[in-house]
>>> print(open('start.csv').read())   # CSV, C-alpha atoms
chain,number,residue,atom,x,y,z
W,1,MET,CA,-11.6,-22.8,-5.7
W,2,ARG,CA,-14.8,-21.1,-6.8
W,3,LEU,CA,-15.4,-17.9,-8.4
W,4,THR,CA,-18.0,-15.7,-6.9
W,5,ALA,CA,-21.1,-15.2,-9.1
W,6,ALA,CA,-20.3,-11.6,-9.8
W,7,TRP,CA,-16.9,-12.5,-11.2
W,8,ALA,CA,-17.9,-15.8,-12.9
W,9,SER,CA,-20.9,-14.2,-14.7
W,10,SER,CA,-18.8,-11.6,-16.4
W,11,LEU,CA,-17.2,-12.1,-19.8
W,12,LEU,CA,-13.7,-13.5,-19.3
W,13,VAL,CA,-11.1,-12.1,-21.6
W,14,PRO,CA,-8.0,-14.3,-21.6
W,15,ILE,CA,-4.8,-12.3,-22.1
W,16,ALA,CA,-1.7,-13.7,-23.9
W,17,LEU,CA,1.2,-14.9,-21.8
W,18,ALA,CA,3.5,-12.6,-23.8
W,19,ALA,CA,2.5,-9.8,-21.5
W,20,VAL,CA,4.9,-11.1,-18.8
W,21,GLU,CA,8.5,-9.9,-18.5
W,22,VAL,CA,11.1,-11.4,-16.2
W,23,GLU,CA,14.1,-9.4,-14.9
W,24,VAL,CA,16.9,-10.3,-12.5
W,25,GLY,CA,18.2,-7.6,-10.2
W,26,PRO,CA,21.9,-7.1,-11.1
W,27,GLU,CA,22.8,-6.3,-7.5
W,28,THR,CA,20.3,-8.4,-5.5
W,29,GLY,CA,20.0,-11.4,-7.9
W,30,LEU,CA,16.3,-11.4,-7.1
W,31,LYS,CA,13.8,-12.0,-9.9
W,32,THR,CA,11.0,-9.7,-10.8
W,33,TRP,CA,7.9,-10.6,-12.9
W,34,ILE,CA,6.0,-7.8,-14.6
W,35,TRP,CA,2.6,-8.4,-16.1
W,36,ARG,CA,1.1,-5.6,-18.2
W,37,HIS,CA,-2.2,-5.1,-20.0
W,38,ASP,CA,-3.8,-1.9,-21.3
W,39,GLY,CA,-2.0,0.4,-18.9
W,40,VAL,CA,-2.3,-1.9,-15.9
W,41,SER,CA,0.8,-3.5,-14.4
W,42,LEU,CA,1.5,-6.0,-11.7
W,43,ARG,CA,5.1,-6.3,-10.5
W,44,LEU,CA,6.1,-9.2,-8.3
W,45,VAL,CA,9.6,-9.1,-6.8
W,46,GLN,CA,11.0,-12.1,-4.9
W,47,ARG,CA,11.6,-11.6,-1.2
W,48,LEU,CA,14.2,-13.6,0.6
W,49,PRO,CA,12.9,-15.2,3.8
W,50,ASP,CA,15.6,-13.4,5.7
W,51,GLN,CA,14.2,-10.1,4.5
W,52,THR,CA,10.8,-10.9,5.8
W,53,ARG,CA,12.2,-12.3,9.1
W,54,ALA,CA,14.1,-9.1,9.7
W,55,TYR,CA,11.1,-6.9,8.8
W,56,LEU,CA,8.7,-8.8,11.1
W,57,MET,CA,11.1,-9.2,14.1
W,58,ALA,CA,11.6,-5.5,14.0
W,59,ARG,CA,7.9,-5.2,14.5
W,60,GLY,CA,7.5,-7.5,17.5
W,61,PHE,CA,7.1,-10.9,15.9
W,62,ASP,CA,9.0,-13.6,17.7
W,63,ALA,CA,11.5,-15.8,15.8
W,64,GLU,CA,9.1,-18.7,15.4
W,65,TRP,CA,6.2,-16.7,13.9
W,66,ALA,CA,8.5,-14.5,11.8
W,67,ASP,CA,9.9,-17.7,10.3
W,68,ARG,CA,6.4,-19.2,9.6
W,69,VAL,CA,5.5,-16.1,7.6
W,70,ALA,CA,8.9,-15.7,6.0
W,71,ARG,CA,8.7,-19.3,4.6
W,72,ALA,CA,5.3,-18.7,3.1
W,73,CYS,CA,6.6,-17.4,-0.3
W,74,LEU,CA,6.2,-13.6,-0.2
W,75,PHE,CA,6.8,-11.2,-3.0
W,76,GLY,CA,7.1,-7.4,-2.9
W,77,SER,CA,4.3,-6.3,-5.2
W,78,MET,CA,3.2,-3.2,-7.0
W,79,PHE,CA,-0.2,-3.0,-8.7
W,80,ARG,CA,-0.7,0.1,-10.8
W,81,ASN,CA,-3.5,1.5,-13.0
W,82,ASP,CA,-1.7,3.8,-15.4
W,83,GLY,CA,-4.4,3.2,-18.0
W,84,THR,CA,-7.6,5.0,-18.7
W,85,ARG,CA,-10.3,2.7,-17.2
W,86,PRO,CA,-11.2,2.0,-13.6
W,87,LEU,CA,-9.8,-1.3,-12.2
W,88,ASP,CA,-11.2,-3.6,-9.5
W,89,PHE,CA,-9.5,-6.7,-8.1
W,90,ASP,CA,-10.2,-9.3,-5.5
W,91,LEU,CA,-7.3,-11.5,-4.5
W,92,ASP,CA,-9.7,-14.1,-3.3
W,93,GLN,CA,-10.6,-14.7,-6.9
W,94,TRP,CA,-7.0,-15.4,-7.9
W,95,GLU,CA,-5.5,-18.9,-8.1
W,96,VAL,CA,-2.1,-20.4,-7.2
W,97,VAL,CA,-1.5,-23.3,-9.5
W,98,HIS,CA,1.2,-25.6,-8.1
W,99,ALA,CA,2.0,-29.3,-8.5
W,100,GLY,CA,-1.3,-30.0,-10.3
W,101,GLY,CA,-3.4,-28.3,-7.7
W,102,ARG,CA,-5.1,-25.0,-7.4
W,103,GLY,CA,-5.1,-22.9,-4.2
W,104,ARG,CA,-5.7,-19.5,-2.9
W,105,MET,CA,-3.3,-16.7,-2.0
W,106,LEU,CA,-2.7,-16.0,1.7
W,107,THR,CA,-4.5,-12.7,2.0
W,108,ARG,CA,-4.7,-10.3,4.9
W,109,GLU,CA,-7.8,-12.0,6.2
W,110,ARG,CA,-6.2,-15.5,6.0
W,111,TRP,CA,-3.1,-14.3,7.8
W,112,GLU,CA,-5.2,-12.8,10.5
W,113,GLU,CA,-6.9,-16.1,11.0
W,114,GLY,CA,-3.5,-17.8,11.1
W,115,LEU,CA,-2.1,-15.4,13.6
W,116,ALA,CA,-5.1,-15.7,15.9
W,117,GLY,CA,-3.9,-17.2,19.2
W,118,SER,CA,-0.3,-16.5,18.4
W,119,PRO,CA,1.9,-14.4,20.7
W,120,VAL,CA,2.3,-11.7,18.0
W,121,SER,CA,1.4,-8.4,19.5
W,122,GLN,CA,-1.5,-6.3,18.2
W,123,ALA,CA,1.0,-3.7,16.9
W,124,GLY,CA,2.9,-6.4,15.0
W,125,ARG,CA,-0.3,-7.8,13.5
W,126,ILE,CA,-1.4,-4.3,12.4
W,127,ALA,CA,2.0,-3.6,10.8
W,128,PHE,CA,1.9,-6.9,9.0
W,129,ARG,CA,-1.7,-6.4,7.9
W,130,TRP,CA,-1.0,-3.1,6.3
W,131,SER,CA,2.2,-4.4,4.7
W,132,LEU,CA,0.2,-6.8,2.7
W,133,MET,CA,-1.5,-5.9,-0.6
W,134,PRO,CA,-5.2,-5.1,0.0
W,135,THR,CA,-7.4,-8.1,-0.7
W,136,ARG,CA,-9.9,-6.0,-2.6
W,137,GLN,CA,-9.3,-2.6,-4.1
W,138,HIS,CA,-10.7,-0.1,-6.6
W,139,PHE,CA,-8.3,1.9,-8.6
W,140,GLU,CA,-9.2,4.9,-10.7
W,141,PRO,CA,-6.6,5.8,-13.4
W,142,GLY,CA,-3.5,7.0,-11.8
W,143,ASP,CA,-3.9,4.9,-8.6
W,144,TYR,CA,-1.7,2.2,-7.3
W,145,ASN,CA,-0.9,0.1,-4.3
W,146,TRP,CA,2.3,-1.4,-3.0
W,147,GLY,CA,2.5,-4.3,-0.6
W,148,MET,CA,3.6,-7.9,0.0
W,149,THR,CA,1.7,-10.8,-1.5
W,150,SER,CA,1.9,-14.3,-0.1
W,151,TYR,CA,1.3,-17.7,-1.7
W,152,GLY,CA,1.8,-20.2,1.0
W,153,LEU,CA,4.4,-22.4,-0.7
W,154,PRO,CA,7.9,-23.4,0.5
W,155,PRO,CA,11.0,-21.5,-0.5
W,156,GLY,CA,12.1,-22.3,-4.0
W,157,SER,CA,8.6,-23.5,-5.1
W,158,ARG,CA,7.5,-22.8,-8.7
W,159,PHE,CA,3.9,-22.0,-9.5
W,160,ASP,CA,1.6,-20.2,-11.9
W,161,LEU,CA,-0.6,-17.3,-10.8
W,162,VAL,CA,-4.0,-16.9,-12.4
W,163,LEU,CA,-5.2,-13.4,-11.9
W,164,ARG,CA,-8.6,-11.9,-12.5
W,165,LEU,CA,-9.5,-8.3,-12.5
W,166,LYS,CA,-12.2,-6.0,-13.8
W,167,LEU,CA,-11.1,-3.3,-16.1
W,168,GLY,CA,-13.8,-0.8,-17.0
W,169,GLY,CA,-16.3,-3.5,-16.1
W,170,GLU,CA,-14.7,-6.1,-18.4
W,171,THR,CA,-13.3,-9.2,-16.6
W,172,ILE,CA,-9.8,-10.0,-17.5
W,173,GLU,CA,-8.1,-13.3,-16.8
W,174,ALA,CA,-4.4,-13.7,-17.2
W,175,ARG,CA,-1.7,-16.2,-16.2
W,176,ILE,CA,1.7,-15.5,-15.0
W,177,PRO,CA,3.6,-18.7,-15.5
W,178,ASP,CA,6.5,-20.2,-13.7
W,179,LEU,CA,6.8,-17.8,-10.8
W,180,GLU,CA,9.5,-18.8,-8.3
W,181,CYS,CA,9.3,-18.3,-4.5
W,182,ALA,CA,12.6,-17.0,-3.4
W,183,PRO,CA,15.0,-19.7,-2.2
W,184,GLU,CA,16.1,-19.7,1.5
W,185,THR,CA,19.3,-18.0,0.4
W,186,LEU,CA,20.6,-16.9,-3.0
W,187,GLU,CA,23.4,-19.4,-2.9
W,188,GLU,CA,20.8,-22.1,-3.4
W,189,ARG,CA,20.0,-20.7,-6.8
W,190,PRO,CA,21.0,-23.2,-9.5
B,1,MET,CA,16.9,2.1,22.6
B,2,LYS,CA,18.2,4.5,19.9
B,3,MET,CA,20.5,1.8,18.6
B,4,ARG,CA,17.5,-0.6,18.3
B,5,LEU,CA,15.4,1.9,16.5
B,6,SER,CA,18.2,2.8,14.2
B,7,LEU,CA,18.8,-0.8,13.3
B,8,SER,CA,15.1,-1.4,12.8
B,9,PHE,CA,14.8,1.7,10.6
B,10,PHE,CA,17.8,0.6,8.5
B,11,LEU,CA,16.5,-2.9,8.1
B,12,THR,CA,13.1,-1.7,7.0
B,13,PHE,CA,14.6,0.7,4.5
B,14,PHE,CA,16.9,-2.0,3.1
B,15,VAL,CA,14.2,-4.6,2.9
B,16,PHE,CA,11.8,-2.4,0.9
B,17,LEU,CA,14.5,-0.9,-1.3
B,18,SER,CA,15.4,-4.4,-2.4
B,19,SER,CA,11.8,-5.5,-2.8
B,20,VAL,CA,10.6,-2.8,-5.1
B,21,SER,CA,13.3,-1.0,-6.9
B,22,ALA,CA,11.6,2.3,-7.6
B,23,VAL,CA,8.4,3.9,-6.5
B,24,GLU,CA,7.0,6.0,-9.3
B,25,PRO,CA,4.2,8.4,-8.1
B,26,GLY,CA,0.7,7.9,-9.3
B,27,ARG,CA,-1.1,10.7,-11.1
B,28,GLY,CA,-4.0,13.0,-10.6
B,29,LEU,CA,-6.8,13.2,-8.1
B,30,THR,CA,-10.0,11.3,-8.5
B,31,GLU,CA,-13.2,13.2,-8.0
B,32,VAL,CA,-15.3,11.4,-5.4
B,33,PRO,CA,-19.0,11.1,-6.6
B,34,ASP,CA,-21.6,12.9,-4.5
B,35,ARG,CA,-19.0,14.3,-2.2
B,36,PRO,CA,-19.7,12.1,0.9
B,37,ARG,CA,-19.3,13.6,4.4
B,38,ALA,CA,-15.8,13.0,5.7
B,39,PRO,CA,-15.7,10.8,8.8
B,40,GLY,CA,-14.5,12.6,11.9
B,41,PHE,CA,-11.5,11.7,13.9
B,42,GLU,CA,-9.9,12.7,17.2
B,43,LEU,CA,-6.2,11.9,17.3
B,44,PRO,CA,-3.1,13.2,19.0
B,45,ASP,CA,-0.1,14.6,17.3
B,46,LEU,CA,3.5,14.0,18.4
B,47,ASP,CA,3.2,16.7,21.1
B,48,GLY,CA,0.1,15.1,22.5
B,49,ARG,CA,-2.2,17.8,21.2
B,50,ILE,CA,-5.6,16.5,20.1
B,51,HIS,CA,-6.8,17.2,16.5
B,52,ARG,CA,-10.3,16.8,15.4
B,53,LEU,CA,-11.5,17.1,11.8
B,54,ASP,CA,-14.2,19.4,13.1
B,55,ASP,CA,-11.5,21.8,14.3
B,56,TYR,CA,-10.9,22.6,10.7
B,57,GLU,CA,-14.5,23.3,9.6
B,58,GLY,CA,-14.6,26.0,6.9
B,59,LYS,CA,-11.1,25.0,5.6
B,60,VAL,CA,-9.8,22.8,2.8
B,61,VAL,CA,-8.1,19.8,4.5
B,62,VAL,CA,-5.8,17.3,2.9
B,63,VAL,CA,-5.9,14.1,5.0
B,64,ASN,CA,-3.2,11.6,4.2
B,65,PHE,CA,-3.0,8.0,5.6
B,66,TRP,CA,0.6,6.7,5.8
B,67,ALA,CA,3.2,4.6,7.6
B,68,THR,CA,7.0,5.0,8.0
B,69,TRP,CA,7.8,1.6,6.4
B,70,CYS,CA,5.7,2.3,3.3
B,71,PRO,CA,8.0,3.5,0.5
B,72,PRO,CA,5.4,5.4,-1.5
B,73,CYS,CA,4.4,7.2,1.7
B,74,ARG,CA,8.0,8.2,2.3
B,75,ALA,CA,8.5,9.2,-1.3
B,76,GLU,CA,5.6,11.6,-1.3
B,77,MET,CA,6.4,13.4,2.0
B,78,PRO,CA,8.8,16.0,0.6
B,79,SER,CA,6.3,17.0,-2.1
B,80,MET,CA,3.5,17.1,0.5
B,81,GLU,CA,5.6,19.6,2.5
B,82,ARG,CA,6.2,21.7,-0.6
B,83,ALA,CA,2.5,21.6,-1.4
B,84,TRP,CA,1.7,22.5,2.3
B,85,GLN,CA,3.9,25.6,2.0
B,86,ARG,CA,1.7,26.7,-0.9
B,87,MET,CA,-1.6,25.7,0.8
B,88,LYS,CA,-1.1,27.2,4.2
B,89,ALA,CA,-0.7,30.7,2.8
B,90,ALA,CA,-4.2,30.4,1.4
B,91,GLY,CA,-5.7,29.0,4.6
B,92,GLY,CA,-5.5,25.3,3.8
B,93,VAL,CA,-4.7,22.4,6.2
B,94,MET,CA,-2.6,19.3,5.7
B,95,ILE,CA,-2.7,16.4,8.1
B,96,ALA,CA,-1.0,13.0,7.9
B,97,ILE,CA,-2.4,10.2,10.0
B,98,ASN,CA,0.1,7.4,10.8
B,99,MET,CA,-1.3,3.9,10.7
B,100,GLY,CA,-0.4,1.6,13.6
B,101,GLU,CA,3.0,2.9,14.7
B,102,ASP,CA,4.2,4.4,18.0
B,103,GLU,CA,5.4,7.9,18.8
B,104,ASP,CA,9.1,6.9,18.9
B,105,THR,CA,8.9,5.5,15.4
B,106,VAL,CA,7.2,8.5,13.9
B,107,PHE,CA,9.4,10.9,15.7
B,108,GLN,CA,12.5,9.2,14.4
B,109,PHE,CA,11.1,9.4,10.9
B,110,THR,CA,10.9,13.2,11.1
B,111,ALA,CA,14.6,13.3,11.5
B,112,ASP,CA,15.0,12.1,7.9
B,113,TYR,CA,11.8,13.5,6.5
B,114,PRO,CA,11.2,16.9,8.3
B,115,VAL,CA,7.7,18.1,7.7
B,116,SER,CA,5.9,21.0,9.4
B,117,PHE,CA,2.3,19.8,9.1
B,118,PRO,CA,0.7,17.8,11.9
B,119,LEU,CA,1.5,14.0,12.0
B,120,LEU,CA,-1.3,12.3,13.9
B,121,LEU,CA,-1.0,8.9,15.6
B,122,ASP,CA,-3.6,6.2,15.1
B,123,PRO,CA,-2.0,3.1,16.7
B,124,ALA,CA,-5.1,0.9,16.4
B,125,THR,CA,-5.8,2.2,12.8
B,126,ASP,CA,-9.4,2.9,13.8
B,127,THR,CA,-9.8,5.7,11.3
B,128,ALA,CA,-9.0,3.5,8.3
B,129,GLY,CA,-12.3,1.7,8.1
B,130,PRO,CA,-14.7,4.7,8.2
B,131,TRP,CA,-12.5,6.5,5.6
B,132,GLY,CA,-12.4,3.5,3.3
B,133,VAL,CA,-8.6,3.2,3.4
B,134,ARG,CA,-7.4,-0.2,2.2
B,135,GLY,CA,-3.8,0.5,1.2
B,136,LEU,CA,-1.2,3.1,2.0
B,137,PRO,CA,-0.8,5.8,1.2
B,138,THR,CA,-4.3,7.0,0.6
B,139,THR,CA,-5.1,10.7,0.6
B,140,TYR,CA,-8.4,12.6,0.6
B,141,VAL,CA,-9.1,16.3,0.0
B,142,VAL,CA,-12.0,17.6,2.1
B,143,ASP,CA,-13.8,20.8,1.2
B,144,PRO,CA,-14.8,23.6,3.7
B,145,GLU,CA,-18.2,21.9,4.2
B,146,GLY,CA,-16.5,18.7,5.4
B,147,ARG,CA,-17.2,16.7,2.3
B,148,ILE,CA,-14.7,14.5,0.5
B,149,VAL,CA,-14.0,16.0,-2.9
B,150,TYR,CA,-10.9,14.1,-4.2
B,151,ARG,CA,-9.1,10.8,-3.4
B,152,ALA,CA,-5.7,9.5,-4.4
B,153,ILE,CA,-4.6,5.9,-3.8
B,154,GLY,CA,-0.8,5.6,-3.9
B,155,GLY,CA,1.8,8.3,-3.7
B,156,ARG,CA,1.7,11.5,-5.6
B,157,GLU,CA,3.9,14.5,-6.4
B,158,TRP,CA,1.7,16.8,-4.5
B,159,ASP,CA,3.3,20.0,-5.9
B,160,ASP,CA,2.8,18.8,-9.4
B,161,PRO,CA,1.2,21.9,-10.9
B,162,ALA,CA,-1.9,20.2,-12.4
B,163,LEU,CA,-2.6,18.3,-9.2
B,164,LEU,CA,-1.9,21.2,-6.8
B,165,GLU,CA,-4.1,23.5,-8.9
B,166,LYS,CA,-7.2,21.4,-8.0
B,167,VAL,CA,-6.5,21.9,-4.3
B,168,LEU,CA,-5.7,25.6,-4.8
B,169,ALA,CA,-8.9,26.0,-6.7
B,170,LEU,CA,-10.8,24.7,-3.7
B,171,LEU,CA,-8.9,27.1,-1.5
B,172,ARG,CA,-9.8,30.0,-3.8
B,173,ALA,CA,-13.4,29.1,-3.5
B,174,GLN,CA,-13.0,28.8,0.3
B,175,SER,CA,-11.8,32.3,0.5
B,176,HIS,CA,-14.8,33.8,-1.4
>>> encode(input="start.csv", output="structure tokens")
Amino acid sequence: MRLTAAWASSLLVPIALAAVEVEVGPETGLKTWIWRHDGVSLRLVQRLPDQTRAYLMARGFDAEWADRVARACLFGSMFRNDGTRPLDFDLDQWEVVHAGGRGRMLTRERWEEGLAGSPVSQAGRIAFRWSLMPTRQHFEPGDYNWGMTSYGLPPGSRFDLVLRLKLGGETIEARIPDLECAPETLEERP
Amino acid sequence: MKMRLSLSFFLTFFVFLSSVSAVEPGRGLTEVPDRPRAPGFELPDLDGRIHRLDDYEGKVVVVNFWATWCPPCRAEMPSMERAWQRMKAAGGVMIAINMGEDEDTVFQFTADYPVSFPLLLDPATDTAGPWGVRGLPTTYVVDPEGRIVYRAIGGREWDDPALLEKVLALLRAQSH
């Protein structure tokens, strides 16, 4: 995992872990992690694999490919800039820390590569592409995006997410610890 | 067919409701530096009528990019309709370009979210690149000279007085 020169050359400002909150949905039992800093927030909500299977199969994915995607650790995600400074992010600069290793997120572009040669229809690929969080984005104050994020780990896996973003030109690095991919079913939860 | 669509619609709604509990609107409109020329488009509405951006030269046009499965897109539709009711009296235009879905899906959406402004279909999402759309919804306000004046990424309450005033101010300038 390498940072691009533009990101690596900026001053990195590490942010305390205390900025992360964890909630459990009283009705769904799904966990939500919320990271906040200076008006910026990232909300990550577990998605059960069955949720993703249903969503993709309704858009023309066959069972095999819907299952492949569904088991790749997806979260419903909301990234907001309610602060006062412009925000830039590039998911290719983020790191998934798991079992002593560091990897990258499965972005739109990586999924497109993965789906190349699959029987998934063009309409299905388009729907999936737009359902994922943009890989790169610029938010002015008041902007936000909603979309799925994908981490490429088996259901139930635990990992840390190192995120990097530019806020008003300042590079911020933060870590969301101990995220959990949704289990295959909620009954598996300890 | 209707049964399949209804099931699909329900599943989509359920999945996203349980993924992100609430969709709060964003705020404000960002002024776009240097007011770049808006890329043209030529797309059909649900009746098959072709709309081109050039057709609306001389008017203020709000161009919204959206999809039925996108919760913030759905959430902002009623306020877009209310804003449209205010705008059209002053000669403004509102257009929503659907990204990647078919006519049946969009038509079914209108049963739950009735809107009276044109919903255009872009099944291949070809318009997204030239406009710089990366996520949905994204909305632009185009001035009578065909230049992009404002941008909003994420949903908005389009009839929020402060937000709508920016659009109405352009419309007042258009009429002079």
>>> residues_around(input="start.csv", residues="stretch 67-70 of chain B", least_positions_apart="3", cutoff="9 Å", atoms="all atoms listed in the file", output="number ranges by chain")
W: 127, 130-131, 146-147; B: 9, 12-13, 16, 73-75, 97-101, 105-106, 109, 136-137
>>> residues_around(input="start.csv", residues="W:Leu30", least_positions_apart="4", cutoff="12 Å", atoms="all atoms listed in the file", output="count of residues only")
26
>>> interface_residues(input="start.csv", of="chain W", to="chain B", cutoff="10 Å", atoms="all atoms listed in the file", output="ChimeraX atom specification")
/W:25,27-28,30-32,43-48,50-52,54-59,75-82,122-148
>>> closest_residue(input="start.csv", among="B:Gly92, B:Gly146, B:Pro161, B:Pro33", to="B:Ser175", atoms="only C-alpha atoms")
B:Gly92
>>> residues_around(input="start.csv", residues="B:Pro36", least_positions_apart="6", cutoff="10 Å", atoms="all atoms listed in the file", output="PDB file with C-alpha atoms, in the frame of the given file")
ATOM      1  CA  VAL B 142     -12.000  17.600   2.100  1.00  0.00           C
ATOM      2  CA  GLY B 146     -16.500  18.700   5.400  1.00  0.00           C
ATOM      3  CA  ARG B 147     -17.200  16.700   2.300  1.00  0.00           C
ATOM      4  CA  ILE B 148     -14.700  14.500   0.500  1.00  0.00           C
ATOM      5  CA  VAL B 149     -14.000  16.000  -2.900  1.00  0.00           C
TER       6      VAL B 149
END
>>> residues_around(input="start.csv", residues="B:Leu168", least_positions_apart="5", cutoff="9 Å", atoms="all atoms listed in the file", output="compact mmCIF listing (two decimals) with C-alpha atoms, keeping the file's coordinate frame")
# COMPACT_ATOMS: atom_id res chain seq x y z
CA ARG B 86 1.70 26.70 -0.90
CA MET B 87 -1.60 25.70 0.80
CA ALA B 90 -4.20 30.40 1.40
CA GLY B 92 -5.50 25.30 3.80
CA ALA B 173 -13.40 29.10 -3.50
>>> residues_around(input="start.csv", residues="W:Arg164", least_positions_apart="6", cutoff="8 Å", atoms="all atoms listed in the file", output="PyMOL selection string")
chain W and resi 89-90+93-94+171-174
>>> atom_distance(input="start.csv", atom1="atom CA of W:Arg68", atom2="atom CA of W:Leu153")
11.0 Å
>>> closest_residue(input="start.csv", among="W:Leu106, W:Ala99, W:Ala116, W:Ala19", to="W:Val40", atoms="all atoms listed in the file")
W:Ala19
>>> atom_distance(input="start.csv", atom1="atom CA of W:Trp33", atom2="atom CA of W:Glu21")
5.7 Å
>>> closest_residue(input="start.csv", among="B:Val115, B:Arg35, B:Met80, B:Leu121", to="B:Gly48", atoms="all atoms listed in the file")
B:Leu121
>>> atom_distance(input="start.csv", atom1="atom CA of B:Arg37", atom2="atom CA of B:Ala169")
19.6 Å
>>> closest_residue(input="start.csv", among="B:Asn64, B:Ala83, B:Gly91, B:Asp45", to="B:Lys166", atoms="all atoms listed in the file")
B:Ala83
>>> build_atoms(input="start.csv", residues="stretch 130-150 of chain B", atoms="N, CA and C atoms", output="compact mmCIF listing (two decimals), keeping the file's coordinate frame")
# COMPACT_ATOMS: atom_id res chain seq x y z
N PRO B 130 -13.69 3.71 8.58
CA PRO B 130 -14.70 4.70 8.20
C PRO B 130 -14.28 5.53 6.97
N TRP B 131 -12.98 5.74 6.79
CA TRP B 131 -12.50 6.50 5.60
C TRP B 131 -12.43 5.65 4.37
N GLY B 132 -12.50 4.34 4.51
CA GLY B 132 -12.40 3.50 3.30
C GLY B 132 -10.97 3.24 2.88
N VAL B 133 -10.03 3.39 3.79
CA VAL B 133 -8.60 3.20 3.40
C VAL B 133 -8.30 1.72 3.40
N ARG B 134 -7.79 1.23 2.27
CA ARG B 134 -7.40 -0.20 2.20
C ARG B 134 -5.92 -0.38 2.01
N GLY B 135 -5.26 0.60 1.41
CA GLY B 135 -3.80 0.50 1.20
C GLY B 135 -3.19 1.85 1.49
N LEU B 136 -1.87 1.84 1.72
CA LEU B 136 -1.20 3.10 2.00
C LEU B 136 -0.20 3.45 0.91
N PRO B 137 -0.01 4.72 0.65
CA PRO B 137 -0.80 5.80 1.20
C PRO B 137 -2.11 6.00 0.48
N THR B 138 -3.06 6.55 1.19
CA THR B 138 -4.30 7.00 0.60
C THR B 138 -4.57 8.41 1.10
N THR B 139 -4.99 9.29 0.22
CA THR B 139 -5.10 10.70 0.60
C THR B 139 -6.49 11.21 0.12
N TYR B 140 -7.11 12.03 0.95
CA TYR B 140 -8.40 12.60 0.60
C TYR B 140 -8.27 14.15 0.71
N VAL B 141 -9.04 14.83 -0.12
CA VAL B 141 -9.10 16.30 0.00
C VAL B 141 -10.57 16.60 0.42
N VAL B 142 -10.67 17.30 1.54
CA VAL B 142 -12.00 17.60 2.10
C VAL B 142 -12.27 19.09 1.94
N ASP B 143 -13.48 19.40 1.51
CA ASP B 143 -13.80 20.80 1.20
C ASP B 143 -14.24 21.52 2.53
N PRO B 144 -14.45 22.83 2.46
CA PRO B 144 -14.80 23.60 3.70
C PRO B 144 -16.07 23.13 4.37
N GLU B 145 -16.92 22.43 3.62
CA GLU B 145 -18.20 21.90 4.20
C GLU B 145 -17.97 20.53 4.82
N GLY B 146 -16.76 20.04 4.82
CA GLY B 146 -16.50 18.70 5.40
C GLY B 146 -16.83 17.57 4.53
N ARG B 147 -16.85 17.80 3.23
CA ARG B 147 -17.20 16.70 2.30
C ARG B 147 -15.91 16.29 1.54
N ILE B 148 -15.83 14.99 1.25
CA ILE B 148 -14.70 14.50 0.50
C ILE B 148 -14.84 14.80 -0.98
N VAL B 149 -13.91 15.56 -1.51
CA VAL B 149 -14.00 16.00 -2.90
C VAL B 149 -13.10 15.12 -3.81
N TYR B 150 -11.89 14.85 -3.35
CA TYR B 150 -10.90 14.10 -4.20
C TYR B 150 -10.31 12.96 -3.34
